[in-house]
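Text of work.txt, listed as compact mmCIF, C-alpha atoms and all ligand atoms:
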```
# COMPACT_ATOMS: atom_id res chain seq x y z
CA MET J 983 -48.30 -39.08 23.59
CA ILE J 984 -46.00 -36.33 22.46
CA VAL J 985 -46.09 -32.52 22.77
CA GLN J 986 -44.66 -30.59 19.82
CA LYS J 987 -44.04 -26.83 20.05
CA TYR J 988 -43.49 -24.72 16.95
CA GLY J 989 -41.87 -21.30 17.38
CA GLY J 990 -42.64 -18.01 15.64
CA THR J 991 -40.32 -18.36 12.64
CA SER J 992 -41.50 -21.93 12.05
CA VAL J 993 -45.11 -20.75 11.63
CA GLY J 994 -44.20 -17.36 10.11
CA SER J 995 -46.17 -17.70 6.85
CA ALA J 996 -48.96 -19.74 5.26
CA ALA J 997 -46.36 -21.90 3.49
CA ARG J 998 -44.58 -22.57 6.78
CA ILE J 999 -47.86 -23.40 8.50
CA ARG J 1000 -48.51 -25.96 5.75
CA ARG J 1001 -45.06 -27.45 6.21
CA VAL J 1002 -45.43 -27.65 9.98
CA SER J 1003 -48.86 -29.24 9.55
CA ARG J 1004 -47.42 -31.91 7.27
CA ARG J 1005 -44.89 -32.72 9.95
CA ILE J 1006 -47.66 -32.99 12.55
CA ALA J 1007 -49.64 -35.20 10.14
CA ASP J 1008 -46.61 -37.49 9.77
CA THR J 1009 -46.36 -37.83 13.55
CA VAL J 1010 -50.08 -38.68 13.74
CA ALA J 1011 -49.61 -41.24 10.95
CA SER J 1012 -46.85 -42.90 12.97
CA GLY J 1013 -49.52 -43.73 15.56
CA GLN J 1014 -48.76 -41.14 18.23
CA GLN J 1015 -51.21 -38.91 20.04
CA VAL J 1016 -50.11 -35.33 19.39
CA VAL J 1017 -50.60 -32.12 21.34
CA VAL J 1018 -49.27 -29.11 19.44
CA VAL J 1019 -48.30 -25.77 21.01
CA VAL J 1020 -47.82 -22.81 18.72
CA SER J 1021 -46.29 -19.33 18.97
CA ALA J 1022 -47.43 -16.15 17.25
CA MET J 1023 -46.47 -15.94 13.56
CA GLY J 1024 -43.08 -14.31 12.91
CA HIS J 1025 -42.74 -10.92 14.60
CA THR J 1026 -46.43 -10.60 15.46
CA THR J 1027 -45.83 -10.14 19.21
CA ASP J 1028 -43.29 -7.34 18.61
CA ARG J 1029 -45.71 -5.65 16.22
CA LEU J 1030 -48.61 -5.84 18.67
CA ILE J 1031 -46.46 -4.38 21.46
CA SER J 1032 -45.34 -1.43 19.32
CA LEU J 1033 -48.94 -0.90 18.17
CA ALA J 1034 -49.97 -0.70 21.82
CA GLU J 1035 -47.19 1.78 22.59
CA SER J 1036 -48.22 3.94 19.68
CA VAL J 1037 -51.61 4.55 21.28
CA ASN J 1038 -50.33 4.66 24.88
CA PRO J 1039 -46.60 4.81 25.73
CA GLU J 1040 -47.34 2.97 28.98
CA PRO J 1041 -50.13 0.54 28.14
CA PRO J 1042 -51.99 -0.92 31.14
CA ALA J 1043 -50.61 -4.42 31.75
CA ARG J 1044 -54.03 -6.07 31.62
CA GLU J 1045 -54.91 -4.58 28.23
CA LEU J 1046 -51.45 -5.37 26.86
CA ASP J 1047 -51.99 -9.04 27.73
CA MET J 1048 -55.48 -8.97 26.17
CA LEU J 1049 -53.76 -7.69 23.02
CA VAL J 1050 -50.58 -9.75 22.73
CA ALA J 1051 -52.26 -13.05 23.59
CA ASN J 1052 -53.98 -12.73 20.21
CA GLY J 1053 -50.78 -13.56 18.33
CA GLU J 1054 -50.97 -17.17 19.47
CA THR J 1055 -54.77 -17.23 19.24
CA ILE J 1056 -54.40 -16.60 15.50
CA THR J 1057 -51.81 -19.31 14.82
CA ALA J 1058 -53.63 -22.14 16.62
CA PRO J 1059 -56.82 -22.16 14.47
CA LEU J 1060 -54.73 -21.68 11.30
CA VAL J 1061 -52.75 -24.83 12.09
CA ALA J 1062 -55.92 -26.72 13.08
CA MET J 1063 -57.73 -25.80 9.84
CA CYS J 1064 -54.64 -26.64 7.81
CA LEU J 1065 -54.53 -30.09 9.44
CA GLU J 1066 -58.28 -30.58 8.78
CA GLY J 1067 -57.62 -29.73 5.14
CA MET J 1068 -55.05 -32.53 5.06
CA GLY J 1069 -57.59 -34.96 6.46
CA VAL J 1070 -56.18 -34.87 9.98
CA PRO J 1071 -58.92 -34.04 12.54
CA ALA J 1072 -57.77 -31.21 14.80
CA VAL J 1073 -59.18 -28.74 17.32
CA SER J 1074 -57.57 -25.47 18.37
CA LEU J 1075 -57.73 -24.36 22.00
CA SER J 1076 -56.83 -21.07 23.68
CA GLY J 1077 -54.66 -21.24 26.77
CA MET J 1078 -57.76 -20.81 28.90
CA GLN J 1079 -59.64 -23.60 27.08
CA ALA J 1080 -56.59 -25.84 27.45
CA GLY J 1081 -56.83 -25.31 31.23
CA VAL J 1082 -53.67 -23.26 31.74
CA ARG J 1083 -54.35 -21.53 35.09
CA THR J 1084 -51.90 -18.81 36.02
CA SER J 1085 -51.09 -16.19 38.63
CA GLY J 1086 -52.37 -12.67 38.00
CA GLN J 1087 -49.08 -10.89 37.23
CA HIS J 1088 -49.71 -9.64 33.73
CA SER J 1089 -46.89 -10.11 31.18
CA ARG J 1090 -45.03 -12.45 33.55
CA ALA J 1091 -47.71 -14.77 34.89
CA ARG J 1092 -46.67 -18.11 36.34
CA ILE J 1093 -48.52 -21.34 35.65
CA HIS J 1094 -50.25 -22.51 38.83
CA ASP J 1095 -51.74 -25.68 37.42
CA ILE J 1096 -53.15 -27.21 34.26
CA LYS J 1097 -56.59 -28.83 34.03
CA PRO J 1098 -56.21 -30.59 30.70
CA ASP J 1099 -59.78 -32.00 30.42
CA ARG J 1100 -60.49 -30.40 27.02
CA ILE J 1101 -57.17 -31.63 25.65
CA LEU J 1102 -57.82 -35.16 26.88
CA GLU J 1103 -61.35 -35.13 25.38
CA THR J 1104 -59.93 -33.95 22.06
CA LEU J 1105 -57.29 -36.69 22.04
CA ALA J 1106 -59.90 -39.30 23.05
CA GLU J 1107 -61.89 -38.31 19.94
CA GLY J 1108 -58.80 -39.10 17.89
CA LYS J 1109 -58.07 -35.45 17.14
CA VAL J 1110 -54.93 -33.34 17.42
CA ALA J 1111 -55.13 -30.60 20.08
CA VAL J 1112 -53.52 -27.37 18.87
CA VAL J 1113 -52.94 -25.11 21.87
CA ALA J 1114 -52.10 -21.41 21.78
CA GLY J 1115 -48.82 -21.03 23.69
CA PHE J 1116 -47.67 -18.12 25.87
CA GLN J 1117 -51.14 -17.46 27.33
CA GLY J 1118 -53.28 -18.57 30.23
CA ALA J 1119 -56.01 -17.30 32.48
CA THR J 1120 -56.42 -16.63 36.16
CA GLU J 1121 -59.08 -18.20 38.40
CA ASP J 1122 -61.22 -15.12 37.54
CA LEU J 1123 -60.75 -15.73 33.82
CA GLU J 1124 -58.44 -12.77 33.29
CA ILE J 1125 -56.15 -13.38 30.30
CA THR J 1126 -52.44 -13.46 31.14
CA THR J 1127 -49.18 -14.08 29.30
CA LEU J 1128 -46.11 -15.89 30.56
CA GLY J 1129 -43.31 -13.53 29.47
CA ARG J 1130 -41.43 -13.25 26.16
CA GLY J 1131 -40.52 -16.66 24.80
CA GLY J 1132 -43.14 -18.25 27.07
CA SER J 1133 -44.62 -20.71 24.55
CA ASP J 1134 -41.77 -23.08 25.45
CA THR J 1135 -43.07 -23.02 29.01
CA THR J 1136 -46.63 -23.80 27.89
CA ALA J 1137 -45.31 -26.80 25.96
CA VAL J 1138 -43.17 -28.30 28.72
CA ALA J 1139 -45.86 -27.64 31.36
CA LEU J 1140 -48.44 -29.44 29.17
CA ALA J 1141 -46.04 -32.33 28.62
CA ALA J 1142 -45.66 -32.60 32.41
CA ALA J 1143 -49.40 -32.34 33.11
CA LEU J 1144 -50.28 -34.90 30.41
CA HIS J 1145 -47.38 -37.24 31.33
CA ALA J 1146 -46.31 -37.08 27.69
CA GLU J 1147 -43.40 -39.22 26.57
CA SER J 1148 -41.41 -36.14 25.56
CA CYS J 1149 -41.63 -32.52 24.51
CA GLU J 1150 -40.24 -31.50 21.14
CA ILE J 1151 -39.32 -27.82 20.71
CA TYR J 1152 -39.19 -27.05 16.98
CA THR J 1153 -37.27 -23.88 16.18
CA ASP J 1154 -35.21 -22.10 13.50
CA VAL J 1155 -31.82 -23.60 14.42
CA ASP J 1156 -30.74 -27.26 14.54
CA GLY J 1157 -30.58 -27.51 18.34
CA ILE J 1158 -28.66 -26.06 21.26
CA PHE J 1159 -25.23 -24.84 20.23
CA THR J 1160 -22.08 -24.00 22.20
CA ALA J 1161 -22.96 -20.33 21.50
CA ASP J 1162 -25.60 -18.48 19.50
CA PRO J 1163 -24.90 -19.77 15.97
CA ARG J 1164 -25.81 -16.33 14.62
CA VAL J 1165 -22.89 -14.84 16.58
CA VAL J 1166 -20.30 -17.63 16.40
CA LYS J 1167 -20.06 -19.29 13.00
CA SER J 1168 -18.02 -22.20 14.37
CA ALA J 1169 -20.51 -22.91 17.19
CA ARG J 1170 -21.09 -26.65 17.58
CA LYS J 1171 -24.44 -28.39 18.05
CA LEU J 1172 -24.58 -30.34 21.31
CA THR J 1173 -26.20 -33.77 21.21
CA HIS J 1174 -27.07 -33.51 24.92
CA ILE J 1175 -27.13 -30.85 27.57
CA GLN J 1176 -28.09 -31.09 31.24
CA TYR J 1177 -31.14 -29.25 32.60
CA ASP J 1178 -28.98 -27.26 35.03
CA GLU J 1179 -26.61 -26.16 32.26
CA MET J 1180 -29.45 -25.21 29.92
CA LEU J 1181 -31.20 -23.35 32.72
CA GLU J 1182 -28.10 -21.25 33.42
CA LEU J 1183 -27.53 -20.60 29.70
CA ALA J 1184 -31.16 -19.58 29.20
CA ALA J 1185 -31.12 -17.37 32.29
CA VAL J 1186 -28.10 -15.43 30.99
CA GLY J 1187 -29.44 -14.87 27.50
CA ALA J 1188 -29.44 -18.02 25.33
CA LYS J 1189 -33.02 -17.38 24.25
CA VAL J 1190 -33.36 -20.67 22.38
CA MET J 1191 -35.24 -21.95 25.47
CA HIS J 1192 -37.40 -20.06 27.97
CA PRO J 1193 -35.70 -20.59 31.36
CA ARG J 1194 -38.94 -21.55 33.11
CA ALA J 1195 -39.57 -24.28 30.54
CA VAL J 1196 -36.25 -25.85 31.49
CA GLU J 1197 -37.08 -25.51 35.19
CA ILE J 1198 -40.39 -27.34 34.75
CA GLY J 1199 -38.71 -29.96 32.57
CA GLU J 1200 -36.21 -30.72 35.31
CA LEU J 1201 -38.82 -30.70 38.07
CA TYR J 1202 -41.12 -33.17 36.28
CA SER J 1203 -38.40 -35.09 34.40
CA VAL J 1204 -39.75 -34.23 30.96
CA PRO J 1205 -37.21 -35.14 28.26
CA ILE J 1206 -36.96 -32.06 25.98
CA HIS J 1207 -35.79 -32.39 22.39
CA VAL J 1208 -34.81 -29.06 20.78
CA ARG J 1209 -34.66 -29.43 17.00
CA SER J 1210 -35.16 -27.71 13.67
CA SER J 1211 -38.57 -27.37 12.06
CA PHE J 1212 -36.82 -27.02 8.69
CA ASN J 1213 -35.11 -30.44 8.53
CA LYS J 1214 -35.51 -33.92 10.00
CA GLY J 1215 -32.12 -34.05 11.73
CA ALA J 1216 -31.82 -34.92 15.41
CA GLY J 1217 -31.38 -31.86 17.60
CA THR J 1218 -30.29 -31.59 21.23
CA MET J 1219 -31.71 -33.61 24.13
CA ILE J 1220 -32.05 -31.78 27.44
CA VAL J 1221 -31.60 -34.46 30.09
CA ALA J 1222 -30.65 -34.96 33.73
CA GLN J 1223 -27.18 -36.41 33.05
CA VAL J 1224 -25.11 -36.14 29.88
CA PRO J 1225 -22.92 -39.05 28.82
CA MET J 1226 -19.58 -39.08 30.65
CA GLU J 1227 -17.41 -38.09 27.68
CA ASP J 1228 -19.57 -35.01 27.02
CA ARG J 1229 -18.91 -33.57 30.45
CA LYS J 1230 -16.52 -30.92 29.23
CA ARG J 1231 -15.50 -28.20 31.60
CA VAL J 1232 -17.18 -25.34 29.75
CA ARG J 1233 -20.25 -26.24 27.67
CA GLY J 1234 -21.41 -22.95 26.30
CA VAL J 1235 -21.10 -19.18 26.06
CA ALA J 1236 -24.06 -16.81 26.15
CA GLN J 1237 -24.73 -13.10 25.91
CA GLU J 1238 -27.55 -10.84 27.06
CA THR J 1239 -27.73 -7.26 25.84
CA ASN J 1240 -30.76 -5.91 27.71
CA VAL J 1241 -28.66 -4.78 30.68
CA ALA J 1242 -28.16 -1.52 32.57
CA LYS J 1243 -26.54 -0.64 35.89
CA ILE J 1244 -27.49 1.52 38.83
CA THR J 1245 -25.01 2.80 41.42
CA VAL J 1246 -26.02 4.17 44.79
CA ILE J 1247 -23.09 6.27 45.98
CA GLY J 1248 -22.16 6.97 49.58
CA VAL J 1249 -24.70 4.88 51.45
CA ALA J 1250 -24.21 4.41 55.18
CA ASP J 1251 -22.31 1.21 55.96
CA ARG J 1252 -24.86 -0.19 58.43
CA PRO J 1253 -27.46 -2.97 58.59
CA GLY J 1254 -30.70 -2.48 56.70
CA VAL J 1255 -29.50 -0.23 53.89
CA ALA J 1256 -29.41 -2.85 51.14
CA ALA J 1257 -32.81 -4.14 52.24
CA ALA J 1258 -34.26 -0.62 52.09
CA ILE J 1259 -32.99 -0.19 48.53
CA PHE J 1260 -33.99 -3.59 47.15
CA GLU J 1261 -37.37 -4.05 48.84
CA PRO J 1262 -39.23 -1.46 46.72
CA LEU J 1263 -37.74 -3.03 43.56
CA ALA J 1264 -38.91 -6.47 44.66
CA ALA J 1265 -42.38 -5.14 45.45
CA ALA J 1266 -42.58 -3.66 41.94
CA GLY J 1267 -41.47 -6.94 40.36
CA VAL J 1268 -38.17 -5.53 39.03
CA SER J 1269 -35.50 -8.21 39.13
CA VAL J 1270 -32.06 -7.22 40.21
CA ASP J 1271 -29.21 -9.24 38.86
CA VAL J 1272 -25.49 -8.80 39.52
CA ILE J 1273 -24.93 -6.96 42.82
CA VAL J 1274 -21.60 -5.52 43.96
CA GLN J 1275 -21.08 -3.73 47.25
CA ASN J 1276 -17.69 -2.19 47.96
CA ILE J 1277 -15.82 -2.46 51.23
CA GLY J 1278 -16.88 0.50 53.39
CA ARG J 1279 -14.57 3.48 53.88
CA SER J 1280 -15.17 5.94 56.74
CA GLY J 1281 -18.63 4.59 57.39
CA ARG J 1282 -19.87 4.85 53.77
CA THR J 1283 -19.94 2.52 50.81
CA ASP J 1284 -21.19 2.26 47.20
CA LEU J 1285 -23.68 -0.28 45.91
CA THR J 1286 -23.85 -1.17 42.21
CA PHE J 1287 -26.28 -3.60 40.60
CA SER J 1288 -27.68 -4.47 37.20
CA VAL J 1289 -31.28 -4.55 35.98
CA ALA J 1290 -32.82 -5.10 32.55
CA GLU J 1291 -32.40 -1.91 30.53
CA SER J 1292 -36.08 -2.14 29.64
CA GLU J 1293 -36.84 -1.70 33.36
CA LEU J 1294 -34.19 0.97 34.03
CA LYS J 1295 -36.51 3.98 34.10
CA ALA J 1296 -38.89 2.42 36.61
CA ALA J 1297 -35.99 1.07 38.68
CA VAL J 1298 -34.16 4.42 38.91
CA LYS J 1299 -37.33 6.13 40.12
CA LEU J 1300 -37.74 3.58 42.94
CA VAL J 1301 -34.04 3.58 43.86
CA LYS J 1302 -33.88 7.40 44.03
CA ALA J 1303 -36.80 7.44 46.46
CA ALA J 1304 -35.26 4.67 48.58
CA ALA J 1305 -31.80 6.31 48.48
CA LYS J 1306 -33.27 9.46 49.96
CA THR J 1307 -34.70 7.56 52.93
CA VAL J 1308 -31.31 5.99 53.77
CA GLY J 1309 -29.34 9.20 53.22
CA ALA J 1310 -27.30 8.11 50.19
CA GLN J 1311 -25.28 10.83 48.47
CA LYS J 1312 -26.16 10.13 44.84
CA VAL J 1313 -27.75 7.65 42.42
CA SER J 1314 -26.28 7.21 38.95
CA SER J 1315 -27.28 4.88 36.15
CA ALA J 1316 -26.07 3.80 32.73
CA GLY J 1317 -27.35 1.58 29.92
CA GLY J 1318 -25.29 0.16 27.10
CA ILE J 1319 -23.82 -2.79 28.92
CA ALA J 1320 -24.16 -6.53 28.40
CA LYS J 1321 -23.66 -9.83 30.16
CA LEU J 1322 -21.12 -12.31 28.89
CA SER J 1323 -21.24 -15.77 30.50
CA ILE J 1324 -19.65 -19.18 30.36
CA VAL J 1325 -21.56 -22.21 31.67
CA GLY J 1326 -20.68 -25.84 32.40
CA THR J 1327 -21.11 -28.34 35.23
CA GLY J 1328 -17.50 -29.40 34.69
CA MET J 1329 -16.43 -26.02 36.07
CA GLN J 1330 -17.17 -27.24 39.60
CA GLY J 1331 -13.94 -28.12 41.27
CA THR J 1332 -11.83 -27.21 38.22
CA PRO J 1333 -9.56 -24.37 39.32
CA GLY J 1334 -8.36 -21.76 36.87
CA ILE J 1335 -11.47 -21.37 34.69
CA ALA J 1336 -12.22 -17.85 35.95
CA ALA J 1337 -8.60 -16.80 35.48
CA GLN J 1338 -8.63 -18.20 31.94
CA MET J 1339 -11.80 -16.24 31.14
CA PHE J 1340 -10.43 -12.97 32.56
CA ARG J 1341 -7.09 -13.45 30.77
CA ALA J 1342 -8.79 -14.03 27.40
CA LEU J 1343 -10.88 -10.88 27.82
CA ALA J 1344 -7.86 -8.87 29.00
CA GLU J 1345 -5.82 -9.89 25.97
CA ALA J 1346 -8.69 -8.75 23.76
CA GLY J 1347 -8.79 -5.39 25.56
CA ILE J 1348 -12.30 -5.98 26.91
CA ASN J 1349 -12.86 -4.31 30.28
CA ILE J 1350 -14.84 -6.17 32.95
CA GLU J 1351 -17.23 -3.92 34.90
CA MET J 1352 -18.76 -6.46 37.28
CA ILE J 1353 -18.50 -10.19 37.89
CA SER J 1354 -20.96 -12.73 39.26
CA THR J 1355 -20.70 -16.49 39.59
CA SER J 1356 -22.73 -19.59 40.40
CA GLU J 1357 -21.33 -23.08 40.85
CA ILE J 1358 -21.56 -23.72 37.12
CA ARG J 1359 -21.43 -20.21 35.62
CA ILE J 1360 -19.22 -17.11 35.46
CA THR J 1361 -20.74 -13.86 34.19
CA CYS J 1362 -18.87 -10.64 33.34
CA LEU J 1363 -20.58 -7.33 32.62
CA VAL J 1364 -18.88 -5.61 29.69
CA ALA J 1365 -19.58 -2.76 27.25
CA ARG J 1366 -22.44 -3.79 24.95
CA ASP J 1367 -20.53 -3.02 21.76
CA GLN J 1368 -17.84 -5.51 22.86
CA VAL J 1369 -20.06 -8.43 23.82
CA GLU J 1370 -20.31 -10.30 20.50
CA ARG J 1371 -16.55 -10.11 20.06
CA GLY J 1372 -16.25 -11.33 23.66
CA VAL J 1373 -18.47 -14.35 22.90
CA ARG J 1374 -16.26 -15.31 19.95
CA ILE J 1375 -13.08 -14.85 21.98
CA LEU J 1376 -14.30 -17.04 24.84
CA HIS J 1377 -15.67 -19.66 22.43
CA LYS J 1378 -12.17 -19.92 20.99
CA ALA J 1379 -10.31 -19.67 24.32
CA PHE J 1380 -12.24 -22.64 25.73
CA GLU J 1381 -11.96 -24.57 22.44
CA LEU J 1382 -15.71 -25.05 22.21
CA ASP J 1383 -15.53 -25.53 18.45
CA VAL J 1384 -13.61 -28.80 18.88
CA ASP J 1385 -15.56 -31.86 19.94
P1 LIG S 1 -38.61 -19.69 18.47
O1 LIG S 1 -39.33 -18.59 17.78
O2 LIG S 1 -38.62 -20.96 17.71
O3 LIG S 1 -39.05 -19.85 19.89
P2 LIG S 1 -36.29 -18.21 19.37
O4 LIG S 1 -35.94 -17.05 18.50
O5 LIG S 1 -36.98 -17.96 20.64
O6 LIG S 1 -37.08 -19.26 18.47
O7 LIG S 1 -34.96 -19.05 19.71
C1 LIG S 1 -34.13 -19.51 18.68
C2 LIG S 1 -32.93 -18.58 18.52
O8 LIG S 1 -32.13 -18.66 19.70
C3 LIG S 1 -32.00 -18.96 17.42
O9 LIG S 1 -32.40 -18.42 16.20
C4 LIG S 1 -30.64 -18.44 17.90
O10 LIG S 1 -30.25 -17.26 17.24
C5 LIG S 1 -30.85 -18.14 19.36
N1 LIG S 1 -29.84 -18.75 20.24
C6 LIG S 1 -29.17 -18.10 21.23
N2 LIG S 1 -28.30 -18.89 21.83
C7 LIG S 1 -28.39 -20.10 21.25
C8 LIG S 1 -27.72 -21.36 21.44
N3 LIG S 1 -26.78 -21.53 22.39
N4 LIG S 1 -28.07 -22.39 20.65
C9 LIG S 1 -29.02 -22.23 19.69
N5 LIG S 1 -29.69 -21.08 19.45
C10 LIG S 1 -29.38 -20.02 20.22
N1 LIG S 2 -45.00 -14.93 20.94
C1 LIG S 2 -44.34 -14.78 22.22
C2 LIG S 2 -43.08 -13.96 22.07
O1 LIG S 2 -42.77 -13.52 20.98
C3 LIG S 2 -44.10 -16.10 22.90
C4 LIG S 2 -43.18 -17.07 22.18
O2 LIG S 2 -42.93 -16.91 20.97
O3 LIG S 2 -42.73 -18.03 22.82
O4 LIG S 2 -42.39 -13.74 23.03
MG MG S 3 -38.54 -18.86 21.69
```
Show me, as structure tokens, the structure contained in the file I just sent.
Ligand code: ADP
Ligand code: ASP
Ligand code: MG
Amino acid sequence: MIVQKYGGTSVGSAARIRRVSRRIADTVASGQQVVVVVSAMGHTTDRLISLAESVNPEPPARELDMLVANGETITAPLVAMCLEGMGVPAVSLSGMQAGVRTSGQHSRARIHDIKPDRILETLAEGKVAVVAGFQGATEDLEITTLGRGGSDTTAVALAAALHAESCEIYTDVDGIFTADPRVVKSARKLTHIQYDEMLELAAVGAKVMHPRAVEIGELYSVPIHVRSSFNKGAGTMIVAQVPMEDRKRVRGVAQETNVAKITVIGVADRPGVAAAIFEPLAAAGVSVDVIVQNIGRSGRTDLTFSVAESELKAAVKLVKAAAKTVGAQKVSSAGGIAKLSIVGTGMQGTPGIAAQMFRALAEAGINIEMISTSEIRITCLVARDQVERGVRILHKAFELDVD
């Protein structure tokens, strides 16, 4: 059994749906059982969100999910009827019908478990199951969505629940590249990448995979094959261990532009202040990313951190209220920044990588505002209008275009 997921561009028109369906039909003809997961056609999700905002600038989260889930609900029956027309029996299923049970946090629900009875029945009848990605339902049958790009997560979670042989993610590029191929022309397709490397890349902006899909893949050892829906070439395998010779020090560069920063100036340098500022953000589900706290001077210090620019307004409101309670002097905020990251397991225990990154950016005149690291990643916050140039500079500095 195999799970195949087709992204928005791949099902963006009737002609593309026919092409994708032929590919599914070929897989069925090769004797495999196929579960298909589909995204909304083209830019449907974006259009539905802006439609919602045009009738209410702050649409209630429940209603927004009721609306945007429809993108995927449209694609699934179209693919199923296209397959039927080709003589391939198929049944479309909503996330709820497919048994995708989630938490109740609208627009960022997490999959609790999958009860795939309907899918298994469909397969037992010799039919293809075509599942609407991105959506699920709570125990109380409230419709939820998994966050932008979440159809990948539906696919990998289904592959895990069904013990499928592998999960194929069909998209509009040939696989995972050393950088976004739309930003770096000389970016190189990787034949393999490790789950941990892909997870870090996805978390810092390489949107080719939804981070939670990679997480589930690693947890349940689902081999993930990211490949093009436009040609038959092999793509990139996401696996636990890459072959020895592929373990280069830096594997990829990524950028994320939805970033803003908040600075709380002159907070008291005593226990409990950071907790008081971050707790309300956590309670509201706002994730805080890079955090920098200065060394205290005469009992006061400054605290700067980044949030998604799309959540800046809500975050500033919460931080201002919290800042008042701890007696901070001022809260300032700014958008227009971006994250620039390098990722690679080979970075562990290789000294000098950070220095090399900072030197390359310095020589290009790119100022670093904040820095954060993990064992296999270094991230710099830079001006947004510099980030694409920064990606190209780092790609070159670490010779990622040479195999
Ligand atoms: P889909 O609709 O199929 O889910 P997405 O738009 O979510 O497709 O993801 C594919 C896009 O991810 C590509 O078009 C590419 O521009 C972008 N991308 C960013 N970083 C990378 C990378 N390192 N390798 C490949 N694609 C990347
Ligand atoms: N349609 C959703 C989105 O645009 C989910 C997905 O495509 O994976 O984010
Ligand atoms: Mg995607």
A straight line from CA of Phe1287 (chain J) to CA of Val1241 (chain J) spans 10.3 Å
Go through J:Gly1131, J:Pro1039, J:Gly1013, J:Pro1071 and flag the residue nearest ligand LIG 1 (chain S), using all atoms listed in the file for the distances.
J:Gly1131
Hey, what's within 10 Å of Val1050 (chain J) if we count all atoms listed in the file and toss same-chain stuff fewer than 5 positions away? As number ranges by chain, please?
J: 1022, 1026-1031, 1034, 1045, 1055, 1089, 1116-1117, 1126-1127
Who sits within 9 Å of region 1206-1223 of chain J, all atoms listed in the file, same chain under 3 positions skipped, as a PyMOL selection string:
chain J and resi 988-989+992+1001-1002+1005+1138+1148-1159+1171-1178+1180+1190-1191+1196+1199-1200+1203+1226
Could you dump the residues just selected with C-alpha atoms as an mmCIF file, in the frame of the given file?
```
data_model
loop_
_atom_site.group_PDB
_atom_site.id
_atom_site.type_symbol
_atom_site.label_atom_id
_atom_site.label_comp_id
_atom_site.auth_asym_id
_atom_site.auth_seq_id
_atom_site.Cartn_x
_atom_site.Cartn_y
_atom_site.Cartn_z
ATOM 1 C CA TYR J 988 -43.490 -24.720 16.950
ATOM 2 C CA GLY J 989 -41.870 -21.300 17.380
ATOM 3 C CA SER J 992 -41.500 -21.930 12.050
ATOM 4 C CA ARG J 1001 -45.060 -27.450 6.210
ATOM 5 C CA VAL J 1002 -45.430 -27.650 9.980
ATOM 6 C CA ARG J 1005 -44.890 -32.720 9.950
ATOM 7 C CA VAL J 1138 -43.170 -28.300 28.720
ATOM 8 C CA SER J 1148 -41.410 -36.140 25.560
ATOM 9 C CA CYS J 1149 -41.630 -32.520 24.510
ATOM 10 C CA GLU J 1150 -40.240 -31.500 21.140
ATOM 11 C CA ILE J 1151 -39.320 -27.820 20.710
ATOM 12 C CA TYR J 1152 -39.190 -27.050 16.980
ATOM 13 C CA THR J 1153 -37.270 -23.880 16.180
ATOM 14 C CA ASP J 1154 -35.210 -22.100 13.500
ATOM 15 C CA VAL J 1155 -31.820 -23.600 14.420
ATOM 16 C CA ASP J 1156 -30.740 -27.260 14.540
ATOM 17 C CA GLY J 1157 -30.580 -27.510 18.340
ATOM 18 C CA ILE J 1158 -28.660 -26.060 21.260
ATOM 19 C CA PHE J 1159 -25.230 -24.840 20.230
ATOM 20 C CA LYS J 1171 -24.440 -28.390 18.050
ATOM 21 C CA LEU J 1172 -24.580 -30.340 21.310
ATOM 22 C CA THR J 1173 -26.200 -33.770 21.210
ATOM 23 C CA HIS J 1174 -27.070 -33.510 24.920
ATOM 24 C CA ILE J 1175 -27.130 -30.850 27.570
ATOM 25 C CA GLN J 1176 -28.090 -31.090 31.240
ATOM 26 C CA TYR J 1177 -31.140 -29.250 32.600
ATOM 27 C CA ASP J 1178 -28.980 -27.260 35.030
ATOM 28 C CA MET J 1180 -29.450 -25.210 29.920
ATOM 29 C CA VAL J 1190 -33.360 -20.670 22.380
ATOM 30 C CA MET J 1191 -35.240 -21.950 25.470
ATOM 31 C CA VAL J 1196 -36.250 -25.850 31.490
ATOM 32 C CA GLY J 1199 -38.710 -29.960 32.570
ATOM 33 C CA GLU J 1200 -36.210 -30.720 35.310
ATOM 34 C CA SER J 1203 -38.400 -35.090 34.400
ATOM 35 C CA MET J 1226 -19.580 -39.080 30.650
#
```
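Residue nearest Leu1183 (chain J), chosen from J:Pro1042, J:Gly1129, J:Gly1278, J:Gly1326 and counting all atoms listed in the file: J:Gly1326.
The space between CA of Ala1290 (chain J) and CA of Asn1240 (chain J) spans 5.3 Å.
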Calculate, to one decimal in Å, the centre and edge lengths of the box along x, y and z of the file that holds all listed atoms of ligand LIG 2 (chain S) with 4 Å of margin on each side, and present them as JSON.
```
{"center_x": -43.7, "center_y": -15.8, "center_z": 22.0, "size_x": 10.6, "size_y": 12.5, "size_z": 10.1}
```
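Take CA of Gly1024 (chain J) and atom N3 of ligand LIG 1 (chain S): the distance between them is 20.2 Å.
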Distance query Val1082 (chain J) at most 9 Å, only C-alpha atoms, self and fewer than 2 positions along chain excluded, as a list of chain:residue names
J:Ser1076, J:Gly1077, J:Met1078, J:Gln1079, J:Ala1080, J:Thr1084, J:Ile1093, J:His1094, J:Asp1095, J:Ile1096, J:Lys1097, J:Pro1098, J:Gln1117, J:Gly1118, J:Ala1119, J:Thr1120, J:Thr1136, J:Ala1139, J:Leu1140
Which residues of region 1296-1353 of chain J come within 8 Å of region 1261-1268 of chain J, and what is each one's closest atom pair and distance in Å (one decimal), counting only C-alpha atoms, sorted by chain and residue number, as a tab-separated table?
```
residue	atom	partner	partner_atom	distance
J:Ala1297	CA	J:Leu1263	CA	6.6
J:Leu1300	CA	J:Pro1262	CA	6.5
J:Val1301	CA	J:Leu1263	CA	7.6
J:Ala1304	CA	J:Pro1262	CA	7.5
```
